Structures are given as structure tokens and as C-alpha cells.
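Peer 1: My file is coords26.cif. It has mmCIF, C-alpha atoms:
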```cif
data_data
#
loop_
_atom_site.label_atom_id
_atom_site.label_comp_id
_atom_site.auth_asym_id
_atom_site.auth_seq_id
_atom_site.Cartn_x
_atom_site.Cartn_y
_atom_site.Cartn_z
CA MET A 88 -21.13 13.76 1.80
CA THR A 89 -24.80 13.64 0.91
CA ASP A 90 -27.35 11.80 3.00
CA ASP A 91 -28.22 9.29 0.28
CA LYS A 92 -24.74 7.73 0.22
CA PRO A 93 -24.20 4.47 2.15
CA THR A 94 -22.03 4.76 5.24
CA THR A 95 -20.45 2.45 7.77
CA GLY A 96 -19.76 4.08 11.11
CA GLY A 97 -19.46 7.48 9.52
CA VAL A 98 -16.97 6.25 6.90
CA PRO A 99 -18.12 6.26 3.24
CA VAL A 100 -18.52 2.78 1.76
CA PRO A 101 -16.13 2.14 -1.17
CA VAL A 102 -17.96 2.28 -4.48
CA THR A 103 -16.93 1.58 -8.03
CA PRO A 104 -16.23 4.94 -9.71
CA ALA A 105 -18.24 5.91 -12.74
CA GLY A 106 -16.34 4.93 -15.86
CA ALA A 107 -14.17 2.35 -14.12
CA THR A 108 -14.93 -0.14 -16.90
CA SER A 109 -14.12 2.25 -19.70
CA GLY A 110 -10.63 0.94 -20.44
CA ALA A 111 -8.48 1.61 -17.38
CA PRO A 112 -4.86 0.56 -17.92
CA ALA A 113 -5.00 -2.43 -15.57
CA GLU A 114 -8.61 -3.37 -16.12
CA PHE A 115 -7.54 -6.64 -17.72
CA PRO A 116 -4.58 -7.86 -15.63
CA PRO A 117 -2.09 -10.12 -17.41
CA ALA A 118 -2.84 -13.82 -17.19
CA ALA A 119 0.74 -14.75 -18.10
CA PRO A 120 3.53 -14.82 -15.48
CA ALA A 121 5.27 -11.92 -17.19
CA GLY A 122 4.04 -8.50 -18.29
CA ARG A 123 5.46 -6.80 -21.37
CA GLY A 124 6.08 -3.11 -21.88
CA MET A 125 5.84 -0.26 -19.43
CA PHE A 126 2.08 0.23 -19.86
CA GLY A 127 0.92 -3.25 -20.93
CA ASN A 128 0.61 -1.85 -24.44
CA GLN A 129 -0.29 -4.10 -27.35
CA GLY A 130 0.89 -2.54 -30.57
CA THR A 131 3.07 0.42 -31.44
CA GLY A 132 1.61 3.10 -29.17
CA ASP A 133 4.02 2.74 -26.26
CA VAL A 134 6.33 5.71 -26.65
CA SER A 135 7.97 5.33 -23.21
CA GLY A 136 11.05 3.62 -24.58
CA PHE A 137 10.28 0.55 -22.50
CA GLY A 138 8.08 -1.27 -25.01
CA GLY A 139 10.36 -4.31 -25.00
CA LEU A 140 10.55 -4.55 -21.22
CA VAL A 141 9.60 -7.96 -19.80
CA ARG A 142 8.45 -7.86 -16.16
CA GLN A 143 8.47 -11.18 -14.33
CA HIS A 144 5.87 -11.81 -11.62
CA ARG A 145 7.17 -13.86 -8.72
CA GLU A 146 5.79 -15.05 -5.42
CA ILE A 147 7.24 -13.37 -2.33
CA GLU A 148 8.52 -16.05 0.04
CA ASP A 149 10.15 -16.18 3.46
CA SER A 150 13.84 -15.34 3.36
CA PRO A 151 16.21 -17.95 4.81
CA ARG A 152 18.25 -17.15 7.88
CA PRO A 153 20.71 -15.70 8.66
CA TYR A 154 19.50 -12.45 7.14
CA GLY A 155 22.67 -10.50 7.88
CA GLY A 156 23.32 -7.16 9.54
CA TYR A 157 20.92 -6.20 12.31
CA PHE A 158 17.95 -7.93 10.67
CA ASP A 159 18.36 -11.13 12.73
CA GLU A 160 18.56 -9.10 15.95
CA VAL A 161 15.32 -7.28 15.11
CA ARG A 162 13.45 -10.49 14.37
CA ASP A 163 14.75 -12.22 17.51
CA ALA A 164 13.91 -9.21 19.70
CA LEU A 165 10.36 -9.03 18.35
CA GLU A 166 9.86 -12.77 18.71
CA GLU A 167 11.00 -12.61 22.33
CA ALA A 168 8.94 -9.52 23.22
CA TYR A 169 5.74 -10.50 21.38
CA PRO A 170 4.22 -13.86 22.42
CA ALA A 171 1.85 -13.87 19.42
CA PHE A 172 4.74 -13.61 16.95
CA GLY A 173 3.95 -16.93 15.25
CA GLU A 174 0.30 -15.96 14.71
CA ALA A 175 0.88 -12.34 13.69
CA ILE A 176 3.87 -12.59 11.34
CA GLU A 177 3.01 -14.11 7.97
CA LYS A 178 6.55 -13.99 6.62
CA VAL A 179 9.86 -12.19 6.93
CA VAL A 180 11.44 -10.97 3.70
CA VAL A 181 14.88 -9.50 3.09
CA ASP A 182 15.18 -7.94 -0.35
CA ARG A 183 17.23 -5.09 -1.80
CA GLY A 184 18.80 -4.37 1.56
CA GLU A 185 15.47 -3.98 3.37
CA LEU A 186 13.81 -6.04 6.09
CA THR A 187 10.04 -6.42 5.64
CA LEU A 188 7.75 -8.06 8.17
CA HIS A 189 4.45 -9.12 6.62
CA ILE A 190 1.81 -8.76 9.34
CA ARG A 191 -1.71 -10.17 9.63
CA PRO A 192 -4.02 -7.14 9.23
CA GLU A 193 -5.76 -7.47 12.59
CA ARG A 194 -2.39 -7.53 14.40
CA ILE A 195 -0.71 -4.47 12.89
CA ALA A 196 -1.38 -2.09 15.80
CA GLU A 197 -0.18 -4.67 18.35
CA VAL A 198 3.06 -5.22 16.44
CA CYS A 199 3.63 -1.46 16.13
CA GLN A 200 3.18 -1.09 19.91
CA VAL A 201 5.84 -3.70 20.59
CA MET A 202 8.16 -2.30 17.93
CA ARG A 203 7.98 1.11 19.58
CA ASP A 204 8.10 0.20 23.27
CA ASP A 205 10.40 -2.80 23.61
CA PRO A 206 13.86 -1.70 24.86
CA ALA A 207 15.61 -3.96 22.35
CA LEU A 208 13.67 -2.51 19.40
CA ARG A 209 12.81 1.15 20.05
CA PHE A 210 11.33 2.00 16.64
CA GLU A 211 10.12 5.41 17.80
CA LEU A 212 9.22 6.94 14.42
CA CYS A 213 6.72 5.93 11.75
CA SER A 214 7.88 8.09 8.86
CA SER A 215 5.47 6.82 6.21
CA VAL A 216 2.21 4.92 5.69
CA SER A 217 1.68 4.23 2.00
CA GLY A 218 -0.37 1.95 -0.23
CA VAL A 219 0.20 -0.44 -3.13
CA ASP A 220 -2.40 -2.10 -5.36
CA TYR A 221 -1.35 -5.55 -6.61
CA LEU A 222 -4.26 -5.96 -9.00
CA GLY A 223 -4.19 -9.38 -10.65
CA ALA A 224 -1.25 -10.59 -8.55
CA ASP A 225 -2.75 -10.99 -5.06
CA ALA A 226 -6.28 -11.77 -3.87
CA ARG A 227 -5.60 -9.35 -1.00
CA ARG A 228 -4.49 -6.76 -3.50
CA LEU A 229 -4.36 -3.66 -1.26
CA HIS A 230 -1.11 -3.56 0.71
CA ILE A 231 -0.33 -0.92 3.32
CA VAL A 232 3.37 -0.32 4.03
CA TYR A 233 4.70 1.23 7.25
CA GLN A 234 8.26 2.60 7.36
CA LEU A 235 9.61 2.49 10.91
CA THR A 236 12.84 4.04 12.15
CA SER A 237 14.71 3.44 15.39
CA MET A 238 16.51 6.65 16.25
CA THR A 239 18.01 4.92 19.29
CA TYR A 240 19.71 2.15 17.29
CA ARG A 241 19.79 3.85 13.85
CA ARG A 242 17.79 1.08 12.19
CA GLN A 243 14.93 0.85 9.70
CA VAL A 244 12.29 -1.79 9.06
CA ARG A 245 9.19 -2.10 6.88
CA LEU A 246 5.88 -3.55 8.06
CA GLU A 247 3.39 -4.62 5.42
CA ALA A 248 -0.25 -5.68 5.82
CA ALA A 249 -2.55 -6.83 3.01
CA VAL A 250 -6.35 -6.55 2.78
CA SER A 251 -8.91 -7.29 0.10
CA VAL A 252 -11.13 -4.80 -1.69
CA GLU A 253 -14.16 -6.57 -0.17
CA GLU A 254 -12.83 -6.20 3.41
CA PRO A 255 -10.45 -3.21 3.30
CA HIS A 256 -10.12 -2.78 7.07
CA LEU A 257 -7.00 -2.29 9.19
CA PRO A 258 -6.63 -1.10 12.78
CA SER A 259 -5.36 2.46 12.95
CA VAL A 260 -1.87 2.91 14.41
CA THR A 261 -2.37 6.60 15.26
CA ALA A 262 -2.52 5.82 19.00
CA VAL A 263 0.99 4.37 18.70
CA TYR A 264 2.40 6.70 16.04
CA PRO A 265 0.62 10.09 15.87
CA THR A 266 2.50 10.81 12.62
CA ALA A 267 0.27 8.20 10.95
CA ASP A 268 -2.80 10.47 11.29
CA TRP A 269 -2.69 12.25 7.94
CA GLN A 270 -0.81 9.40 6.27
CA GLU A 271 -3.67 6.99 6.98
CA ARG A 272 -6.12 9.59 5.67
CA GLU A 273 -4.19 9.76 2.41
CA ALA A 274 -4.08 5.96 2.10
CA TYR A 275 -7.84 5.89 2.71
CA ASP A 276 -8.43 8.63 0.15
CA MET A 277 -6.25 7.12 -2.59
CA PHE A 278 -6.75 3.36 -2.00
CA GLY A 279 -9.98 3.03 0.00
CA VAL A 280 -8.41 1.22 2.96
CA ILE A 281 -10.44 1.95 6.11
CA PHE A 282 -8.39 2.40 9.28
CA ASP A 283 -10.65 1.39 12.16
CA GLY A 284 -10.19 3.58 15.22
CA HIS A 285 -8.77 6.56 13.35
CA PRO A 286 -9.84 9.78 15.13
CA ALA A 287 -11.13 11.50 11.96
CA LEU A 288 -10.88 9.38 8.82
CA THR A 289 -11.73 11.79 5.99
CA ARG A 290 -10.49 12.50 2.51
CA ILE A 291 -7.38 14.64 2.45
CA LEU A 292 -6.68 15.19 -1.26
CA MET A 293 -9.94 14.62 -3.11
CA PRO A 294 -13.24 16.43 -2.42
CA ASP A 295 -15.41 14.91 0.31
CA ASP A 296 -18.07 13.79 -2.17
CA TRP A 297 -15.59 12.16 -4.58
CA GLU A 298 -16.46 8.59 -5.59
CA GLY A 299 -13.74 6.01 -5.92
CA HIS A 300 -10.06 5.91 -5.02
CA PRO A 301 -7.74 7.25 -7.73
CA GLN A 302 -4.59 5.18 -7.02
CA ARG A 303 -6.31 1.84 -7.37
CA LYS A 304 -5.15 0.25 -10.60
CA ASP A 305 -8.67 -0.33 -11.90
CA TYR A 306 -9.46 3.37 -11.66
CA PRO A 307 -9.76 5.12 -15.05
CA LEU A 308 -6.94 7.46 -16.00
CA GLY A 309 -9.28 10.21 -17.19
CA GLY A 310 -7.83 13.65 -17.67
CA VAL A 311 -8.55 16.58 -19.95
CA PRO A 312 -7.07 17.45 -23.36
CA VAL A 313 -4.35 20.11 -23.42
CA GLU A 314 -4.50 22.65 -26.21
CA TYR A 315 -1.48 24.23 -27.92
CA LYS A 316 -1.24 26.46 -30.97
CA GLY A 317 -2.05 24.23 -33.89
CA ALA A 318 -2.15 21.05 -31.80
CA GLU A 319 -4.16 19.29 -29.13
CA ILE A 320 -2.79 16.63 -26.76
CA PRO A 321 -5.50 14.13 -25.73
CA PRO A 322 -5.89 12.95 -22.11
CA PRO A 323 -3.75 9.96 -21.02
CA ASP A 324 -6.44 7.31 -21.48
CA LYS A 325 -6.88 8.38 -25.09
CA ARG A 326 -3.22 8.45 -26.14
CA ARG A 327 -2.46 4.71 -26.36
CA SER A 328 -4.17 1.37 -26.53
CA TYR A 329 -3.75 0.28 -22.92
CA GLN A 330 -4.09 -3.26 -21.73
#
```
Represent the structure of the file as C-alpha cells.
Peer 2:
Amino acid sequence: MTDDKPTTGGVPVPVTPAGATSGAPAEFPPAAPAGRGMFGNQGTGDVSGFGGLVRQHREIEDSPRPYGGYFDEVRDALEEAYPAFGEAIEKVVVDRGELTLHIRPERIAEVCQVMRDDPALRFELCSSVSGVDYLGADARRLHIVYQLTSMTYRRQVRLEAAVSVEEPHLPSVTAVYPTADWQEREAYDMFGVIFDGHPALTRILMPDDWEGHPQRKDYPLGGVPVEYKGAEIPPPDKRRSYQ
């Protein structure tokens, strides 16, 4: 990182990548409640086979109780062990056989501590920290998802915390789950979410001086043309008319 780049506590400040307004696929998010086609294509260029696909956008709401299985036991155990449950938990969602607790960003490390240490929960392993960009669907568009596993009780649960691009800060959970070390680095590298308190938050996939975060949906596809004998395949952002 060069000296002329802005920093905040040693962490590079997120910047808009050069070319980010040059026609990225999600640069103009759909205004309608449904998206059409696999790539938001308008015309005949979508060769994915999913050109007629209609994708409905729906609000994620609290699931009614009883949830079924061990999901009710997990919620009740957390509510009993964590006095700030009502302030920290935004909603509880059961969908596709998974239990997801949506957590207020500033509370994520506290919740992880309780999930790991309480005898009735014992979620000892954080197997994954990943990111999702809900561009155009959520004002806090950057969601970080934590997959927790209880090896004691053979249970799984998802924690999810959402932040905005303007304030992309979350407490690091590395002090609770050391496995989150490199996973948080990757989420920072790809999505630009800054994990406060991380022991060494650096890029892990892209070069240190790279600008922008490639898995955000407003990041340009880019790419280079591929040459064959008698033919040339253009880069992805030149192959179709993306939305």
C-alpha cells in the first residue's frame, strides 16, 4: 500500500474501483419486484438457457413458532443465556431446513461468545464466514454469514449480520473462533467489510495495492479476450448486453 492512499487505523479505506461505472452487470438494479433472466439481460444475448427465468424478490420476515426440530431449543437456550437477546436479535428465520439468526452488527461477537460457551448451545466450530451483496434489495446490502456447528449436539445454525457500504464495520470474531481469521480476511478482500479487532486484516487473494472489492455486485466484470485458431472470445463484460 502506498503512502498516498487514505487509511483508517491501518486498514485501507474502501474506494470505488476504476471503471465501476462502465456497465457492470448489476449497476442498474431492477426497480420491479421481479428480475428476469439469469443475467438481467434485455434482448437475445442471454445464452445461459435461463432467459425466461423470473426471480421474485421478497422481504425476509420472522418465522412463526414452533420452528420444529431442535431450532426452538436453540432459540430458547440463547434467549435464556443472553440477557440482551431482544436487542441483539433482529429476526429469526427458518427456511429450506436452516435456522438463521439475524444479528445486529455491533452484537455479533457477543452472540458468538454465548453460542460457543453456553452448556445448552456448545457451537464450538465456526466453519465458514462468507459474504453476500444484496445490491438494490437492501440498504444494508453487505451481509456476512457465519456457519456454526455444535459437535457436542450435532447441530448447525447460521448467523447473519448486515452492514452498509458507507459503514462496513463488524466486530471480529477471531477471539471466539480462531478459524475465522483467514475467512474474515477473504470477506474483507472480496466485499470490503472491515472486521474491527482482527489481528491482521489484510488482503488474502488480491494484491495489497488492489483497489475495490471484486465480489461486490457493482464491480465491473472485466477480463481479457481469449484467442483460439480463427476465433477470439471477448471478455465477459463484452459478450452480452447486461442490465
Peer 1: Leaving out A:Ser251 and any residue of its chain fewer than 4 positions from it, which residues lie within 8 Å of it when counting only C-alpha atoms, given as a list in words?
Peer 2: Ala226, Arg227, Arg228, Leu229 and Pro255 of chain A
Peer 1: Counting all atoms listed in the file, what is within 12 Å of A:Pro153, bar same-chain residues fewer than 2 positions away, as a VMD selection string?
Peer 2: chain A and resid 149 to 151 155 to 163 179 to 181
Peer 1: Please write the residues from the selection above to a file, keeping C-alpha atoms, as a PDB file, in the frame of the given file.
Peer 2:
```pdb
ATOM      1  CA  ASP A 149      10.150 -16.180   3.460  1.00  0.00           C
ATOM      2  CA  SER A 150      13.840 -15.340   3.360  1.00  0.00           C
ATOM      3  CA  PRO A 151      16.210 -17.950   4.810  1.00  0.00           C
ATOM      4  CA  GLY A 155      22.670 -10.500   7.880  1.00  0.00           C
ATOM      5  CA  GLY A 156      23.320  -7.160   9.540  1.00  0.00           C
ATOM      6  CA  TYR A 157      20.920  -6.200  12.310  1.00  0.00           C
ATOM      7  CA  PHE A 158      17.950  -7.930  10.670  1.00  0.00           C
ATOM      8  CA  ASP A 159      18.360 -11.130  12.730  1.00  0.00           C
ATOM      9  CA  GLU A 160      18.560  -9.100  15.950  1.00  0.00           C
ATOM     10  CA  VAL A 161      15.320  -7.280  15.110  1.00  0.00           C
ATOM     11  CA  ARG A 162      13.450 -10.490  14.370  1.00  0.00           C
ATOM     12  CA  ASP A 163      14.750 -12.220  17.510  1.00  0.00           C
ATOM     13  CA  VAL A 179       9.860 -12.190   6.930  1.00  0.00           C
ATOM     14  CA  VAL A 180      11.440 -10.970   3.700  1.00  0.00           C
ATOM     15  CA  VAL A 181      14.880  -9.500   3.090  1.00  0.00           C
TER      16      VAL A 181
END
```
Peer 1: Choose the residue, out of A:Gly284, A:Gly223, A:Pro322, A:Gly279, that has the smallest atom-to-atom separation from A:Val260; count all atoms listed in the file.
Peer 2: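 Residue with the minimum atom-to-atom distance to A:Val260: A:Gly284.
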Peer 1: Name the residues that the PyMOL selection byres ((chain A and resi 263) around 8) picks from the file above, as an NGL selection string, using the file's chain letters and numbers.
Peer 2: :A and (196 or 199-200 or 203 or 260-262 or 264-265)
Peer 1: Quick one: pull the distance between atom CA of A:Ile291 and atom CA of A:Glu271, Å, one decimal.
Peer 2: 9.6 Å
Peer 1: So which residues get picked by the PyMOL selection byres ((chain A and resi 290) around 12) here, written as an NGL selection string?
Peer 2: :A and (88 or 98-99 or 268-281 or 287-289 or 291-301)
Peer 1: Can you tell me how far atom CA of A:Arg241 sits from atom CA of A:Glu177, in Å to one decimal?
Peer 2: 25.3 Å
Peer 1: How many Å lie between atom CA of A:Glu211 and atom CA of A:Tyr169, rounded to one decimal?
Peer 2: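 Rounded to one decimal, the two atoms are 16.9 Å apart.
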Peer 1: List, as a PyMOL selection string, every residue that the PyMOL selection byres ((chain A and resi 191) around 8) selects in the file provided.
Peer 2: chain A and resi 174-177+189-190+192-195+248-249
Peer 1: Near A:Phe210, within 8 Å and counting all atoms listed in the file, which residues show up once chain neighbours fewer than 4 positions away are dropped, as a PyMOL selection string?
Peer 2: chain A and resi 202-204+235-239+242-243
Peer 1: Go ahead and write the selection's residues with C-alpha atoms as a PDB file, keeping the file's coordinate frame.
Peer 2:
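Result went into again-v8.pdb, see below:
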```pdb
ATOM      1  CA  MET A 202       8.160  -2.300  17.930  1.00  0.00           C
ATOM      2  CA  ARG A 203       7.980   1.110  19.580  1.00  0.00           C
ATOM      3  CA  ASP A 204       8.100   0.200  23.270  1.00  0.00           C
ATOM      4  CA  LEU A 235       9.610   2.490  10.910  1.00  0.00           C
ATOM      5  CA  THR A 236      12.840   4.040  12.150  1.00  0.00           C
ATOM      6  CA  SER A 237      14.710   3.440  15.390  1.00  0.00           C
ATOM      7  CA  MET A 238      16.510   6.650  16.250  1.00  0.00           C
ATOM      8  CA  THR A 239      18.010   4.920  19.290  1.00  0.00           C
ATOM      9  CA  ARG A 242      17.790   1.080  12.190  1.00  0.00           C
ATOM     10  CA  GLN A 243      14.930   0.850   9.700  1.00  0.00           C
TER      11      GLN A 243
END
```
Peer 1: Using all atoms listed in the file, which of the listed residues (A:Leu208, A:Val201, A:Ala224, A:Cys213) sits closest to A:Ile147?
Peer 2: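 Among A:Leu208, A:Val201, A:Ala224, A:Cys213, it is A:Ala224 that comes nearest to A:Ile147.
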Peer 1: Edge lengths and centre in Å to one decimal, as AutoDock Vina command-line options, of the axis-aligned box that encloses all listed atoms of stretch 280-290 of chain A with 5 Å added on every side?
Peer 2:
```
--center_x -10.1 --center_y 6.9 --center_z 8.9 --size_x 13.3 --size_y 21.3 --size_z 22.7
```
Peer 1: Which residue out of A:Val252, A:Pro286, A:Gly317, A:Gln302 has the minimum interatomic distance to A:Asp225 when all atoms listed in the file are used?
Peer 2: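 The closest residue to A:Asp225 is A:Val252.
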